[in-house]
Amino acid sequence: MRTLFLILLFILGACFGSFLCCQARRLRLKATKKIKNLGSRSICLSCKTQLKWFDNIPIISWLALKGKCRKCGKKIGLLEILSELGLALAFLALGTTINPLSAAPLEWAIFIFTLFLTLNLAFLAIYDGAYGELPTRYLIISIFFAFIIFALKFSSALSIAPFSPELIFEPLLAVTILGGLYLILYLISKGKWVGDGDWLLGTALGLALSSAWLALINLFLANVLACIIMFPIVKKSKNKKIYFGPFMVIAFIITLTFSNFLTM
């Protein structure tokens, strides 16, 4: 049962990854007005050919076509496969944090809203990684889902033990660490070091984690990942900007997946 549950989550994540990547491209094309009529079906952006259903199977189609359009042979790019595989692995990782056979209703509620938050965060990571922007609308939605997760965790904690100031203090400190720090960096550098959306993203992550310690780990992992992955790219092109959104989201998934181990 657990294995089937994880397989289904992997497949679901891959499907949503494909969908979110497509929506990110559509949002960008609409914003830049490069293509007026996008239609309702996926098309190749090079030859404008409408893709068949068998060319839209997450991960499999990209690998089968070697990342190229069947019609014109132009490269599709890495964004699609990274989005599909990345969200599939994220859903798989989060699936390990819950036992589908014994989880209580409140645990299921937290898990489901965490998946909703992850979908929104994945969209932000895709868009920021591709275009260097974090759409404000989706940042606000992320904070909304994060607040629900915090409220559910708060209710869960109260069902086990009486109220403690720590239940409020820890989430506030987590938000200060992730959201507040990026806000300070943005204000000091006037947007040169971090973007104006990073602090809102950090606020959502801190609220969802609801732990100062986990927020610190998230912050540390995000910067380590950014340094490791972006160093070779920045070394080749000194003018290359680093967009922290994707790294903050990846670090969040890792931190959340191993949260029980990290807080032992």
# chains A, B, ... in the order shown; residues from 1 in each chain; ligands from 1
$ residues_around --residues "Ile168 in chain A" --least-positions-apart "5" --cutoff "10 Å" --atoms "only C-alpha atoms" --output "JSON list (two decimals) with C-alpha atoms, in the first residue's frame"
[["chain", "number", "residue", "atom", "x", "y", "z"],
["A", 150, "PHE", "CA", 0.60, 26.77, 10.42],
["A", 154, "PHE", "CA", -1.07, 24.80, 15.85],
["A", 163, "PHE", "CA", -0.99, 26.22, 24.97],
["A", 173, "LEU", "CA", 10.98, 33.62, 14.53],
["A", 210, "SER", "CA", 6.88, 26.92, 11.89],
["A", 211, "SER", "CA", 10.31, 26.24, 13.40]]
$ select_by_dssp --residues "range 11-144 of chain A" --states "strand (DSSP E or B)" --output "JSON, numbers by chain"
{"A": [43, 50, 68, 75]}
$ write_last_selection --atoms "C-alpha atoms" --output "CSV table (one decimal), in the first residue's frame"
chain,number,residue,atom,x,y,z
A,43,ILE,CA,2.4,23.7,-29.1
A,50,GLN,CA,0.2,21.3,-31.9
A,68,LYS,CA,13.5,17.7,-29.3
A,75,LYS,CA,15.4,21.5,-28.8
$ atom_distance --atom1 "CA of Lys30 in chain A" --atom2 "CA of Leu89 in chain A"
29.4 Å
$ residues_around --residues "Leu92 in chain A" --least-positions-apart "2" --cutoff "12 Å" --atoms "only C-alpha atoms" --output "list in words"
Arg2, Thr3, Leu4, Phe5, Leu6, Ile7, Leu8, Leu9, Phe10, Ile11, Leu12, Gly13, Ala14, Leu85, Gly86, Leu87, Ala88, Leu89, Ala90, Leu94, Gly95, Thr96, Thr97, Ile98, Leu115, Thr118, Ile253, Ile254 and Thr257 of chain A
$ closest_atom_pairs --of "range 106-179 of chain A" --to "range 17-23 of chain A" --cutoff "10 Å" --atoms "only C-alpha atoms" --output "Markdown table"
| residue | atom | partner | partner_atom | distance |
| --- | --- | --- | --- | --- |
| A:Leu119 | CA | A:Leu20 | CA | 8.1 |
| A:Asn120 | CA | A:Leu20 | CA | 8.9 |
| A:Ala122 | CA | A:Leu20 | CA | 7.6 |
| A:Phe123 | CA | A:Leu20 | CA | 5.7 |
| A:Leu124 | CA | A:Leu20 | CA | 9.4 |
| A:Ala125 | CA | A:Cys21 | CA | 10.0 |
| A:Ile126 | CA | A:Cys21 | CA | 6.6 |
| A:Tyr127 | CA | A:Cys21 | CA | 8.1 |
| A:Ala130 | CA | A:Cys21 | CA | 9.8 |
$ select_by_dssp --residues "range 136-214 of chain A" --states "helix (DSSP H, G or I)" --output "JSON, numbers by chain"
{"A": [136, 137, 138, 139, 140, 141, 142, 143, 144, 145, 146, 147, 148, 149, 150, 151, 152, 153, 154, 155, 156, 157, 158, 159, 160, 166, 167, 168, 169, 170, 171, 172, 173, 174, 175, 176, 177, 178, 179, 180, 181, 182, 183, 184, 185, 186, 187, 188, 189, 198, 199, 200, 201, 202, 203, 204, 205, 206, 207, 208, 209, 212, 213, 214]}
